[in-house]
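Structure data follow from final-v3.csv (CSV, N, CA and C atoms):
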chain,number,residue,atom,x,y,z
A,13,MET,N,297.2,-21.7,49.7
A,13,MET,CA,297.0,-20.4,50.5
A,13,MET,C,298.1,-19.4,50.2
A,14,LEU,N,299.2,-19.8,49.7
A,14,LEU,CA,300.3,-18.9,49.4
A,14,LEU,C,300.1,-18.3,48.0
A,15,ASN,N,300.1,-17.0,48.0
A,15,ASN,CA,300.0,-16.3,46.6
A,15,ASN,C,301.4,-16.3,46.0
A,16,ASP,N,301.4,-15.9,44.7
A,16,ASP,CA,302.6,-15.9,43.9
A,16,ASP,C,303.7,-15.1,44.5
A,17,LYS,N,303.3,-13.9,45.1
A,17,LYS,CA,304.3,-13.0,45.7
A,17,LYS,C,305.0,-13.7,46.9
A,18,ALA,N,304.1,-14.3,47.7
A,18,ALA,CA,304.6,-15.0,48.9
A,18,ALA,C,305.6,-16.2,48.5
A,19,LYS,N,305.2,-16.9,47.5
A,19,LYS,CA,306.0,-18.1,47.1
A,19,LYS,C,307.3,-17.5,46.5
A,20,ALA,N,307.3,-16.4,45.8
A,20,ALA,CA,308.6,-15.9,45.3
A,20,ALA,C,309.5,-15.5,46.4
A,21,LEU,N,309.0,-14.9,47.4
A,21,LEU,CA,309.8,-14.5,48.6
A,21,LEU,C,310.3,-15.7,49.3
A,22,LEU,N,309.5,-16.7,49.5
A,22,LEU,CA,309.9,-17.9,50.2
A,22,LEU,C,310.9,-18.7,49.5
A,23,ASP,N,310.9,-18.6,48.1
A,23,ASP,CA,311.8,-19.4,47.3
A,23,ASP,C,313.1,-18.7,47.0
A,24,LYS,N,313.3,-17.4,47.5
A,24,LYS,CA,314.6,-16.8,47.3
A,24,LYS,C,315.7,-17.6,48.0
A,25,PRO,N,316.8,-17.7,47.4
A,25,PRO,CA,317.9,-18.5,48.0
A,25,PRO,C,318.4,-17.9,49.3
A,26,LYS,N,318.7,-18.8,50.3
A,26,LYS,CA,319.3,-18.5,51.5
A,26,LYS,C,318.5,-17.5,52.4
A,27,GLN,N,317.2,-17.5,52.3
A,27,GLN,CA,316.3,-16.7,53.1
A,27,GLN,C,316.3,-17.5,54.5
A,28,PHE,N,316.3,-16.8,55.6
A,28,PHE,CA,316.2,-17.4,56.9
A,28,PHE,C,314.7,-17.1,57.3
A,29,ALA,N,314.3,-18.0,58.2
A,29,ALA,CA,312.9,-17.9,58.8
A,29,ALA,C,313.1,-17.8,60.3
A,30,THR,N,312.1,-17.2,60.9
A,30,THR,CA,311.9,-17.3,62.4
A,30,THR,C,310.7,-18.2,62.6
A,31,ILE,N,310.9,-19.2,63.4
A,31,ILE,CA,309.7,-20.0,63.8
A,31,ILE,C,309.4,-19.7,65.3
A,32,SER,N,308.2,-19.5,65.6
A,32,SER,CA,307.8,-19.3,67.0
A,32,SER,C,306.8,-20.4,67.4
A,33,THR,N,307.2,-20.9,68.6
A,33,THR,CA,306.4,-21.9,69.2
A,33,THR,C,305.9,-21.4,70.6
A,34,ILE,N,305.1,-22.2,71.3
A,34,ILE,CA,304.5,-21.8,72.6
A,34,ILE,C,305.2,-22.5,73.7
A,35,GLU,N,305.8,-21.8,74.6
A,35,GLU,CA,306.4,-22.4,75.8
A,35,GLU,C,305.3,-22.9,76.8
A,36,PRO,N,305.6,-23.8,77.7
A,36,PRO,CA,304.7,-24.3,78.6
A,36,PRO,C,303.9,-23.2,79.4
A,37,ASP,N,304.5,-22.1,79.7
A,37,ASP,CA,303.9,-21.0,80.4
A,37,ASP,C,303.1,-20.1,79.5
A,38,GLY,N,303.0,-20.4,78.2
A,38,GLY,CA,302.3,-19.6,77.3
A,38,GLY,C,303.1,-18.5,76.6
A,39,ARG,N,304.3,-18.3,77.0
A,39,ARG,CA,305.1,-17.3,76.3
A,39,ARG,C,305.6,-17.8,75.0
A,40,PRO,N,305.9,-16.9,74.0
A,40,PRO,CA,306.4,-17.4,72.7
A,40,PRO,C,307.9,-17.7,72.8
A,41,GLN,N,308.4,-18.7,72.0
A,41,GLN,CA,309.8,-19.0,71.9
A,41,GLN,C,310.1,-19.0,70.4
A,42,SER,N,311.1,-18.2,70.1
A,42,SER,CA,311.4,-18.1,68.6
A,42,SER,C,312.8,-18.5,68.3
A,43,SER,N,313.0,-19.1,67.1
A,43,SER,CA,314.3,-19.5,66.7
A,43,SER,C,314.5,-19.2,65.2
A,44,VAL,N,315.7,-18.8,64.8
A,44,VAL,CA,316.0,-18.5,63.4
A,44,VAL,C,316.4,-19.9,62.9
A,45,VAL,N,315.8,-20.2,61.7
A,45,VAL,CA,316.0,-21.6,61.1
A,45,VAL,C,316.1,-21.5,59.6
A,46,TRP,N,316.7,-22.6,59.1
A,46,TRP,CA,316.6,-22.8,57.7
A,46,TRP,C,315.3,-23.5,57.4
A,47,TYR,N,314.8,-23.3,56.2
A,47,TYR,CA,313.5,-23.9,55.8
A,47,TYR,C,313.5,-24.3,54.3
A,48,PHE,N,312.5,-25.1,54.0
A,48,PHE,CA,312.2,-25.5,52.6
A,48,PHE,C,310.7,-25.4,52.4
A,49,ARG,N,310.3,-24.7,51.3
A,49,ARG,CA,308.9,-24.7,51.0
A,49,ARG,C,308.5,-25.9,50.2
A,50,ASP,N,307.5,-26.6,50.6
A,50,ASP,CA,306.9,-27.8,49.9
A,50,ASP,C,305.5,-27.5,49.6
A,51,GLY,N,305.2,-26.9,48.4
A,51,GLY,CA,303.8,-26.5,48.1
A,51,GLY,C,303.5,-25.3,49.0
A,52,ASP,N,302.4,-25.4,49.7
A,52,ASP,CA,302.0,-24.3,50.6
A,52,ASP,C,302.5,-24.6,52.1
A,53,ASP,N,303.2,-25.7,52.3
A,53,ASP,CA,303.8,-26.0,53.6
A,53,ASP,C,305.2,-25.6,53.7
A,54,ILE,N,305.6,-25.3,54.9
A,54,ILE,CA,307.0,-25.0,55.2
A,54,ILE,C,307.6,-26.1,56.1
A,55,LEU,N,308.8,-26.6,55.6
A,55,LEU,CA,309.5,-27.7,56.3
A,55,LEU,C,310.7,-27.1,57.1
A,56,VAL,N,310.8,-27.4,58.3
A,56,VAL,CA,311.9,-27.0,59.2
A,56,VAL,C,312.5,-28.3,59.9
A,57,SER,N,313.8,-28.3,60.0
A,57,SER,CA,314.4,-29.4,60.7
A,57,SER,C,314.7,-29.1,62.1
A,58,THR,N,314.6,-30.0,63.0
A,58,THR,CA,315.0,-29.9,64.4
A,58,THR,C,315.5,-31.2,64.9
A,59,VAL,N,315.9,-31.3,66.2
A,59,VAL,CA,316.3,-32.5,66.8
A,59,VAL,C,315.4,-32.8,67.9
A,60,GLU,N,315.0,-34.1,68.1
A,60,GLU,CA,314.2,-34.5,69.2
A,60,GLU,C,314.8,-34.0,70.5
A,61,GLY,N,313.9,-33.5,71.3
A,61,GLY,CA,314.3,-33.0,72.7
A,61,GLY,C,314.7,-31.6,72.7
A,62,ARG,N,314.9,-30.9,71.6
A,62,ARG,CA,315.2,-29.5,71.6
A,62,ARG,C,313.9,-28.7,72.0
A,63,ARG,N,314.1,-27.5,72.4
A,63,ARG,CA,313.0,-26.7,72.9
A,63,ARG,C,311.8,-26.6,71.9
A,64,LYS,N,312.1,-26.3,70.7
A,64,LYS,CA,311.0,-26.2,69.7
A,64,LYS,C,310.3,-27.5,69.5
A,65,HIS,N,311.0,-28.6,69.5
A,65,HIS,CA,310.4,-30.0,69.4
A,65,HIS,C,309.5,-30.2,70.6
A,66,LYS,N,310.0,-30.0,71.8
A,66,LYS,CA,309.2,-30.2,73.0
A,66,LYS,C,308.0,-29.4,73.0
A,67,ASN,N,308.1,-28.1,72.6
A,67,ASN,CA,306.9,-27.2,72.5
A,67,ASN,C,305.9,-27.7,71.6
A,68,LEU,N,306.4,-28.2,70.4
A,68,LEU,CA,305.5,-28.6,69.3
A,68,LEU,C,304.8,-30.0,69.7
A,69,VAL,N,305.5,-30.8,70.4
A,69,VAL,CA,304.9,-32.1,70.9
A,69,VAL,C,303.7,-31.7,71.8
A,70,ARG,N,303.9,-30.8,72.7
A,70,ARG,CA,302.9,-30.4,73.6
A,70,ARG,C,301.7,-29.5,73.0
A,71,ASP,N,302.1,-28.6,72.0
A,71,ASP,CA,301.2,-27.7,71.4
A,71,ASP,C,301.7,-27.5,70.0
A,72,PRO,N,301.0,-28.0,69.0
A,72,PRO,CA,301.5,-28.0,67.6
A,72,PRO,C,301.3,-26.6,66.9
A,73,ARG,N,300.8,-25.6,67.6
A,73,ARG,CA,300.6,-24.3,66.9
A,73,ARG,C,302.0,-23.6,66.8
A,74,ALA,N,302.2,-23.0,65.6
A,74,ALA,CA,303.4,-22.3,65.4
A,74,ALA,C,303.2,-21.2,64.3
A,75,THR,N,304.1,-20.3,64.3
A,75,THR,CA,304.2,-19.3,63.2
A,75,THR,C,305.6,-19.2,62.7
A,76,VAL,N,305.6,-19.1,61.3
A,76,VAL,CA,306.9,-18.9,60.6
A,76,VAL,C,306.8,-17.5,60.0
A,77,LEU,N,307.9,-16.7,60.1
A,77,LEU,CA,308.0,-15.4,59.5
A,77,LEU,C,309.2,-15.4,58.7
A,78,VAL,N,309.1,-14.9,57.4
A,78,VAL,CA,310.2,-14.7,56.5
A,78,VAL,C,310.1,-13.3,56.0
A,79,TYR,N,311.2,-12.5,56.1
A,79,TYR,CA,311.1,-11.2,55.5
A,79,TYR,C,312.3,-11.1,54.4
A,80,ASP,N,312.0,-10.3,53.5
A,80,ASP,CA,313.0,-10.1,52.4
A,80,ASP,C,314.2,-9.2,52.9
A,81,ALA,N,315.4,-9.8,52.9
A,81,ALA,CA,316.5,-9.0,53.3
A,81,ALA,C,316.8,-7.8,52.5
A,82,ASP,N,316.4,-7.8,51.2
A,82,ASP,CA,316.5,-6.7,50.4
A,82,ASP,C,315.5,-5.6,50.6
A,83,ASN,N,314.3,-6.0,51.2
A,83,ASN,CA,313.2,-5.1,51.4
A,83,ASN,C,312.5,-5.6,52.6
A,84,PRO,N,313.0,-5.2,53.8
A,84,PRO,CA,312.4,-5.8,55.1
A,84,PRO,C,310.9,-5.5,55.3
A,85,TYR,N,310.4,-4.6,54.6
A,85,TYR,CA,308.9,-4.3,54.7
A,85,TYR,C,308.1,-5.3,53.9
A,86,SER,N,308.7,-6.2,53.2
A,86,SER,CA,308.1,-7.3,52.5
A,86,SER,C,308.3,-8.6,53.3
A,87,TYR,N,307.2,-9.2,53.7
A,87,TYR,CA,307.3,-10.4,54.5
A,87,TYR,C,306.2,-11.3,54.3
A,88,VAL,N,306.3,-12.6,54.7
A,88,VAL,CA,305.3,-13.6,54.8
A,88,VAL,C,305.2,-14.1,56.2
A,89,GLU,N,304.1,-14.1,56.8
A,89,GLU,CA,303.8,-14.8,58.1
A,89,GLU,C,302.9,-15.9,57.9
A,90,ILE,N,303.2,-17.1,58.3
A,90,ILE,CA,302.4,-18.3,58.1
A,90,ILE,C,302.1,-18.8,59.5
A,91,ARG,N,300.8,-18.7,59.9
A,91,ARG,CA,300.3,-19.2,61.1
A,91,ARG,C,299.6,-20.6,60.9
A,92,GLY,N,299.9,-21.5,61.7
A,92,GLY,CA,299.3,-22.8,61.5
A,92,GLY,C,299.7,-23.8,62.6
A,93,HIS,N,299.6,-25.1,62.2
A,93,HIS,CA,299.9,-26.2,63.1
A,93,HIS,C,301.0,-27.1,62.4
A,94,VAL,N,301.8,-27.7,63.2
A,94,VAL,CA,302.9,-28.5,62.8
A,94,VAL,C,302.6,-30.0,62.9
A,95,GLU,N,303.0,-30.7,61.8
A,95,GLU,CA,302.9,-32.1,61.8
A,95,GLU,C,304.4,-32.6,61.8
A,96,MET,N,304.8,-33.6,62.7
A,96,MET,CA,306.2,-34.0,62.8
A,96,MET,C,306.4,-35.4,62.4
A,97,THR,N,307.5,-35.7,61.8
A,97,THR,CA,308.0,-37.1,61.5
A,97,THR,C,309.5,-37.1,61.6
A,98,THR,N,310.0,-38.3,61.9
A,98,THR,CA,311.4,-38.5,61.8
A,98,THR,C,311.8,-39.1,60.5
A,99,GLU,N,310.8,-39.6,59.7
A,99,GLU,CA,311.1,-40.2,58.4
A,99,GLU,C,311.6,-39.1,57.5
A,100,GLY,N,312.8,-39.3,56.9
A,100,GLY,CA,313.4,-38.4,56.0
A,100,GLY,C,314.1,-37.2,56.7
A,101,GLY,N,314.2,-37.3,58.0
A,101,GLY,CA,314.8,-36.1,58.7
A,101,GLY,C,316.2,-35.9,58.3
A,102,SER,N,317.0,-36.9,58.2
A,102,SER,CA,318.4,-36.7,57.8
A,102,SER,C,318.5,-36.2,56.3
A,103,ASP,N,317.6,-36.6,55.5
A,103,ASP,CA,317.6,-36.1,54.1
A,103,ASP,C,317.3,-34.6,54.0
A,104,LEU,N,316.3,-34.2,54.8
A,104,LEU,CA,316.0,-32.8,54.8
A,104,LEU,C,317.1,-31.9,55.3
A,105,ILE,N,317.8,-32.3,56.4
A,105,ILE,CA,318.9,-31.4,56.9
A,105,ILE,C,320.0,-31.4,55.9
A,106,ASP,N,320.3,-32.5,55.2
A,106,ASP,CA,321.3,-32.5,54.2
A,106,ASP,C,320.9,-31.6,53.0
A,107,ARG,N,319.6,-31.6,52.6
A,107,ARG,CA,319.2,-30.7,51.6
A,107,ARG,C,319.3,-29.3,52.0
A,108,LEU,N,319.0,-29.0,53.2
A,108,LEU,CA,319.1,-27.6,53.7
A,108,LEU,C,320.5,-27.2,53.8
A,109,ALA,N,321.4,-28.1,54.2
A,109,ALA,CA,322.9,-27.7,54.3
A,109,ALA,C,323.4,-27.4,52.9
A,110,GLN,N,322.9,-28.2,51.9
A,110,GLN,CA,323.3,-27.9,50.5
A,110,GLN,C,322.8,-26.5,50.1
A,111,ALA,N,321.6,-26.2,50.4
A,111,ALA,CA,321.0,-24.9,50.0
A,111,ALA,C,321.6,-23.7,50.7
A,112,TYR,N,321.9,-23.8,52.0
A,112,TYR,CA,322.3,-22.7,52.8
A,112,TYR,C,323.8,-22.6,52.9
A,113,MET,N,324.5,-23.7,52.8
A,113,MET,CA,326.0,-23.7,53.1
A,113,MET,C,326.8,-24.2,51.8
A,114,GLY,N,326.1,-24.7,50.9
A,114,GLY,CA,326.8,-25.3,49.7
A,114,GLY,C,327.5,-26.6,50.1
A,115,ALA,N,327.2,-27.2,51.2
A,115,ALA,CA,327.8,-28.4,51.7
A,115,ALA,C,327.1,-29.6,51.0
A,116,GLU,N,327.9,-30.7,50.8
A,116,GLU,CA,327.3,-31.9,50.3
A,116,GLU,C,326.3,-32.5,51.2
A,117,ARG,N,326.6,-32.4,52.5
A,117,ARG,CA,325.7,-33.0,53.5
A,117,ARG,C,325.9,-32.2,54.9
A,118,TYR,N,325.0,-32.4,55.8
A,118,TYR,CA,325.1,-31.8,57.1
A,118,TYR,C,325.9,-32.7,58.0
A,119,THR,N,327.0,-32.2,58.5
A,119,THR,CA,327.9,-33.0,59.3
A,119,THR,C,327.9,-32.7,60.8
A,120,MET,N,327.1,-31.7,61.2
A,120,MET,CA,327.1,-31.4,62.7
A,120,MET,C,326.4,-32.5,63.5
A,121,ASP,N,325.7,-33.4,62.9
A,121,ASP,CA,325.1,-34.5,63.7
A,121,ASP,C,326.0,-35.7,63.8
A,122,ASP,N,327.0,-35.7,63.0
A,122,ASP,CA,328.0,-36.8,63.0
A,122,ASP,C,328.5,-37.1,64.4
A,123,GLY,N,328.5,-38.3,64.9
A,123,GLY,CA,329.1,-38.7,66.2
A,123,GLY,C,328.1,-38.3,67.3
A,124,THR,N,326.9,-38.0,67.0
A,124,THR,CA,325.9,-37.7,68.1
A,124,THR,C,324.8,-38.7,68.0
A,125,ASP,N,323.9,-38.7,69.0
A,125,ASP,CA,322.7,-39.5,68.9
A,125,ASP,C,321.5,-38.7,68.5
A,126,ASN,N,321.7,-37.6,67.8
A,126,ASN,CA,320.6,-36.7,67.4
A,126,ASN,C,319.7,-37.5,66.5
A,127,VAL,N,318.4,-37.3,66.8
A,127,VAL,CA,317.3,-37.8,65.9
A,127,VAL,C,316.7,-36.6,65.2
A,128,ARG,N,316.8,-36.5,63.9
A,128,ARG,CA,316.3,-35.4,63.2
A,128,ARG,C,314.8,-35.5,62.9
A,129,VAL,N,314.1,-34.4,63.1
A,129,VAL,CA,312.7,-34.4,63.0
A,129,VAL,C,312.3,-33.3,61.9
A,130,ILE,N,311.4,-33.7,61.1
A,130,ILE,CA,310.9,-32.7,60.1
A,130,ILE,C,309.6,-32.1,60.7
A,131,CYS,N,309.6,-30.8,60.8
A,131,CYS,CA,308.4,-30.1,61.3
A,131,CYS,C,307.8,-29.5,60.0
A,132,ARG,N,306.6,-29.9,59.7
A,132,ARG,CA,305.8,-29.5,58.5
A,132,ARG,C,304.7,-28.5,59.0
A,133,LEU,N,304.9,-27.2,58.8
A,133,LEU,CA,304.0,-26.2,59.1
A,133,LEU,C,302.9,-26.1,58.1
A,134,VAL,N,301.7,-26.5,58.4
A,134,VAL,CA,300.5,-26.4,57.6
A,134,VAL,C,299.7,-25.1,57.9
A,135,ALA,N,299.6,-24.3,56.9
A,135,ALA,CA,299.0,-23.0,57.1
A,135,ALA,C,297.5,-23.0,57.5
A,136,ASP,N,297.2,-22.2,58.5
A,136,ASP,CA,295.8,-21.9,58.8
A,136,ASP,C,295.5,-20.5,58.4
A,137,LYS,N,296.5,-19.6,58.4
A,137,LYS,CA,296.4,-18.2,58.0
A,137,LYS,C,297.7,-17.8,57.4
A,138,VAL,N,297.7,-17.0,56.3
A,138,VAL,CA,298.9,-16.4,55.7
A,138,VAL,C,298.7,-14.9,55.6
A,139,VAL,N,299.7,-14.2,56.1
A,139,VAL,CA,299.7,-12.7,56.0
A,139,VAL,C,300.9,-12.4,55.2
A,140,SER,N,300.8,-11.6,54.1
A,140,SER,CA,302.0,-11.2,53.4
A,140,SER,C,301.8,-9.8,52.9
A,141,ARG,N,303.0,-9.1,52.8
A,141,ARG,CA,303.0,-7.7,52.5
A,141,ARG,C,304.1,-7.6,51.4

Represent the structure contained in this file as structure tokens.
Amino acid sequence: MLNDKAKALLDKPKQFATISTIEPDGRPQSSVVWYFRDGDDILVSTVEGRRKHKNLVRDPRATVLVYDADNPYSYVEIRGHVEMTTEGGSDLIDRLAQAYMGAERYTMDDGTDNVRVICRLVADKVVSR
């Protein structure tokens, strides 16, 4: 579903995304996140029990928006549903920390009981400009 222009924007280094989920009362909840493109899917890491995780457990619909920092009128919006797993969760956050921070691994979960979750956004609709 992603065209070449959308893939090129999504693959730019250190691009941030905004993921929007649906609160229990129907209002949107948005968070700025690191992401990784896996084919036409977008992978985002979160922790079990955080707001976006709770929202996605209840309602898996979500939207991810990425805009080009060099040309903010160029963007990709991916609307779809999220499939979640804890398998590989620590590996993904380490990979994201390497890409965004140049760190060997993500250390902010050290000493916590955080359970990392991979949120895989599968596109139902893509809008890009």

How would you write as a list of chain:residue names the residues that get within 6 Å of (305.8, -14.4, 51.4) in the file's frame, counting only C-alpha atoms?
-> A:Ala18, A:Lys19, A:Leu21, A:Leu22, A:Tyr87, A:Val88, A:Ser140

Strand (DSSP E) positions in chain A, given as a PyMOL selection string = chain A and resi 29-34+40-45+48-50+53-59+73-80+83-97+128-140

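From atom C of Ile90 of chain A back to atom CA of Val138 of chain A, the distance works out to 5.5 Å.
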
Every residue of chain A that DSSP places in helix (DSSP H, G or I), as JSON, numbers by chain | {"A": [16, 17, 18, 19, 20, 21, 22, 63, 64, 65, 66, 67, 68, 69, 70, 101, 102, 103, 104, 105, 106, 107, 108, 109, 110, 111, 112, 113]}

Pull N, CA and C atoms from the residues just selected and write them as a PDB file, in the frame of the given file.
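Listed below is the output, selection33.pdb:
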ATOM      1  N   ASP A  16     301.400 -15.900  44.700  1.00  0.00           N
ATOM      2  CA  ASP A  16     302.600 -15.900  43.900  1.00  0.00           C
ATOM      3  C   ASP A  16     303.700 -15.100  44.500  1.00  0.00           C
ATOM      4  N   LYS A  17     303.300 -13.900  45.100  1.00  0.00           N
ATOM      5  CA  LYS A  17     304.300 -13.000  45.700  1.00  0.00           C
ATOM      6  C   LYS A  17     305.000 -13.700  46.900  1.00  0.00           C
ATOM      7  N   ALA A  18     304.100 -14.300  47.700  1.00  0.00           N
ATOM      8  CA  ALA A  18     304.600 -15.000  48.900  1.00  0.00           C
ATOM      9  C   ALA A  18     305.600 -16.200  48.500  1.00  0.00           C
ATOM     10  N   LYS A  19     305.200 -16.900  47.500  1.00  0.00           N
ATOM     11  CA  LYS A  19     306.000 -18.100  47.100  1.00  0.00           C
ATOM     12  C   LYS A  19     307.300 -17.500  46.500  1.00  0.00           C
ATOM     13  N   ALA A  20     307.300 -16.400  45.800  1.00  0.00           N
ATOM     14  CA  ALA A  20     308.600 -15.900  45.300  1.00  0.00           C
ATOM     15  C   ALA A  20     309.500 -15.500  46.400  1.00  0.00           C
ATOM     16  N   LEU A  21     309.000 -14.900  47.400  1.00  0.00           N
ATOM     17  CA  LEU A  21     309.800 -14.500  48.600  1.00  0.00           C
ATOM     18  C   LEU A  21     310.300 -15.700  49.300  1.00  0.00           C
ATOM     19  N   LEU A  22     309.500 -16.700  49.500  1.00  0.00           N
ATOM     20  CA  LEU A  22     309.900 -17.900  50.200  1.00  0.00           C
ATOM     21  C   LEU A  22     310.900 -18.700  49.500  1.00  0.00           C
ATOM     22  N   ARG A  63     314.100 -27.500  72.400  1.00  0.00           N
ATOM     23  CA  ARG A  63     313.000 -26.700  72.900  1.00  0.00           C
ATOM     24  C   ARG A  63     311.800 -26.600  71.900  1.00  0.00           C
ATOM     25  N   LYS A  64     312.100 -26.300  70.700  1.00  0.00           N
ATOM     26  CA  LYS A  64     311.000 -26.200  69.700  1.00  0.00           C
ATOM     27  C   LYS A  64     310.300 -27.500  69.500  1.00  0.00           C
ATOM     28  N   HIS A  65     311.000 -28.600  69.500  1.00  0.00           N
ATOM     29  CA  HIS A  65     310.400 -30.000  69.400  1.00  0.00           C
ATOM     30  C   HIS A  65     309.500 -30.200  70.600  1.00  0.00           C
ATOM     31  N   LYS A  66     310.000 -30.000  71.800  1.00  0.00           N
ATOM     32  CA  LYS A  66     309.200 -30.200  73.000  1.00  0.00           C
ATOM     33  C   LYS A  66     308.000 -29.400  73.000  1.00  0.00           C
ATOM     34  N   ASN A  67     308.100 -28.100  72.600  1.00  0.00           N
ATOM     35  CA  ASN A  67     306.900 -27.200  72.500  1.00  0.00           C
ATOM     36  C   ASN A  67     305.900 -27.700  71.600  1.00  0.00           C
ATOM     37  N   LEU A  68     306.400 -28.200  70.400  1.00  0.00           N
ATOM     38  CA  LEU A  68     305.500 -28.600  69.300  1.00  0.00           C
ATOM     39  C   LEU A  68     304.800 -30.000  69.700  1.00  0.00           C
ATOM     40  N   VAL A  69     305.500 -30.800  70.400  1.00  0.00           N
ATOM     41  CA  VAL A  69     304.900 -32.100  70.900  1.00  0.00           C
ATOM     42  C   VAL A  69     303.700 -31.700  71.800  1.00  0.00           C
ATOM     43  N   ARG A  70     303.900 -30.800  72.700  1.00  0.00           N
ATOM     44  CA  ARG A  70     302.900 -30.400  73.600  1.00  0.00           C
ATOM     45  C   ARG A  70     301.700 -29.500  73.000  1.00  0.00           C
ATOM     46  N   GLY A 101     314.200 -37.300  58.000  1.00  0.00           N
ATOM     47  CA  GLY A 101     314.800 -36.100  58.700  1.00  0.00           C
ATOM     48  C   GLY A 101     316.200 -35.900  58.300  1.00  0.00           C
ATOM     49  N   SER A 102     317.000 -36.900  58.200  1.00  0.00           N
ATOM     50  CA  SER A 102     318.400 -36.700  57.800  1.00  0.00           C
ATOM     51  C   SER A 102     318.500 -36.200  56.300  1.00  0.00           C
ATOM     52  N   ASP A 103     317.600 -36.600  55.500  1.00  0.00           N
ATOM     53  CA  ASP A 103     317.600 -36.100  54.100  1.00  0.00           C
ATOM     54  C   ASP A 103     317.300 -34.600  54.000  1.00  0.00           C
ATOM     55  N   LEU A 104     316.300 -34.200  54.800  1.00  0.00           N
ATOM     56  CA  LEU A 104     316.000 -32.800  54.800  1.00  0.00           C
ATOM     57  C   LEU A 104     317.100 -31.900  55.300  1.00  0.00           C
ATOM     58  N   ILE A 105     317.800 -32.300  56.400  1.00  0.00           N
ATOM     59  CA  ILE A 105     318.900 -31.400  56.900  1.00  0.00           C
ATOM     60  C   ILE A 105     320.000 -31.400  55.900  1.00  0.00           C
ATOM     61  N   ASP A 106     320.300 -32.500  55.200  1.00  0.00           N
ATOM     62  CA  ASP A 106     321.300 -32.500  54.200  1.00  0.00           C
ATOM     63  C   ASP A 106     320.900 -31.600  53.000  1.00  0.00           C
ATOM     64  N   ARG A 107     319.600 -31.600  52.600  1.00  0.00           N
ATOM     65  CA  ARG A 107     319.200 -30.700  51.600  1.00  0.00           C
ATOM     66  C   ARG A 107     319.300 -29.300  52.000  1.00  0.00           C
ATOM     67  N   LEU A 108     319.000 -29.000  53.200  1.00  0.00           N
ATOM     68  CA  LEU A 108     319.100 -27.600  53.700  1.00  0.00           C
ATOM     69  C   LEU A 108     320.500 -27.200  53.800  1.00  0.00           C
ATOM     70  N   ALA A 109     321.400 -28.100  54.200  1.00  0.00           N
ATOM     71  CA  ALA A 109     322.900 -27.700  54.300  1.00  0.00           C
ATOM     72  C   ALA A 109     323.400 -27.400  52.900  1.00  0.00           C
ATOM     73  N   GLN A 110     322.900 -28.200  51.900  1.00  0.00           N
ATOM     74  CA  GLN A 110     323.300 -27.900  50.500  1.00  0.00           C
ATOM     75  C   GLN A 110     322.800 -26.500  50.100  1.00  0.00           C
ATOM     76  N   ALA A 111     321.600 -26.200  50.400  1.00  0.00           N
ATOM     77  CA  ALA A 111     321.000 -24.900  50.000  1.00  0.00           C
ATOM     78  C   ALA A 111     321.600 -23.700  50.700  1.00  0.00           C
ATOM     79  N   TYR A 112     321.900 -23.800  52.000  1.00  0.00           N
ATOM     80  CA  TYR A 112     322.300 -22.700  52.800  1.00  0.00           C
ATOM     81  C   TYR A 112     323.800 -22.600  52.900  1.00  0.00           C
ATOM     82  N   MET A 113     324.500 -23.700  52.800  1.00  0.00           N
ATOM     83  CA  MET A 113     326.000 -23.700  53.100  1.00  0.00           C
ATOM     84  C   MET A 113     326.800 -24.200  51.800  1.00  0.00           C
TER      85      MET A 113
END

Go through segment 14-40 of chain A residue by residue and, counting only N, CA and C atoms, keep those with an atom at most 6 Å from segment 56-75 of chain A; for each kept residue give the shortest atom pair and its distance in Å to one decimal, ordered by chain and increasing number, as a Markdown table.
| residue | atom | partner | partner_atom | distance |
| --- | --- | --- | --- | --- |
| A:Thr30 | C | A:Thr75 | C | 5.2 |
| A:Ile31 | CA | A:Thr75 | C | 4.3 |
| A:Ser32 | N | A:Thr75 | C | 3.9 |
| A:Thr33 | CA | A:Ala74 | CA | 4.9 |
| A:Ile34 | C | A:Asn67 | CA | 5.1 |
| A:Glu35 | CA | A:Asn67 | CA | 5.8 |

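Shortest atom-to-atom contact with Val94 of chain A among A:Gly123, A:Leu108, A:Ala135, A:Val78: A:Ala135, counting all atoms listed in the file.
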
In Å, with one decimal, what is the gap from atom C of Glu116 of chain A to atom N of Glu89 of chain A?
-> 29.4 Å

Expressed in Å to a single decimal, how great is the separation between atom N of Thr97 of chain A and atom C of Cys131 of chain A?
->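 These atoms are spaced 6.5 Å apart.
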
Go ahead and find all residues with at least one atom no further than 5 Å from (296.0, -22.9, 60.5) in the file's coordinates, using all atoms listed in the file; report them as number ranges by chain.
-> A: 91-93, 135-137

Minimum-distance residue to Met96 of chain A, chosen among A:Ala111, A:Arg117, A:Ile130, A:Tyr79 (using only N, CA and C atoms) |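 Of A:Ala111, A:Arg117, A:Ile130, A:Tyr79, the one nearest Met96 of chain A is A:Ile130, counting only N, CA and C atoms.
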
A:Lys26, A:Asn15, A:Ala20, A:Pro36: which is nearest Met113 of chain A, counting all atoms listed in the file?
-> A:Lys26

Selected residue of minimal separation from Thr98 of chain A among A:Val127, A:Leu77, A:Tyr85, A:Phe28, counting only N, CA and C atoms |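 Once distances to Thr98 of chain A are computed over only N, CA and C atoms, the minimum belongs to A:Val127.
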
Between A:Met13, A:Leu55, A:Trp46, A:Arg128, single out the one closest to Glu99 of chain A, counting only N, CA and C atoms.
->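 Of A:Met13, A:Leu55, A:Trp46, A:Arg128, the one nearest Glu99 of chain A, counting only N, CA and C atoms, is A:Arg128.
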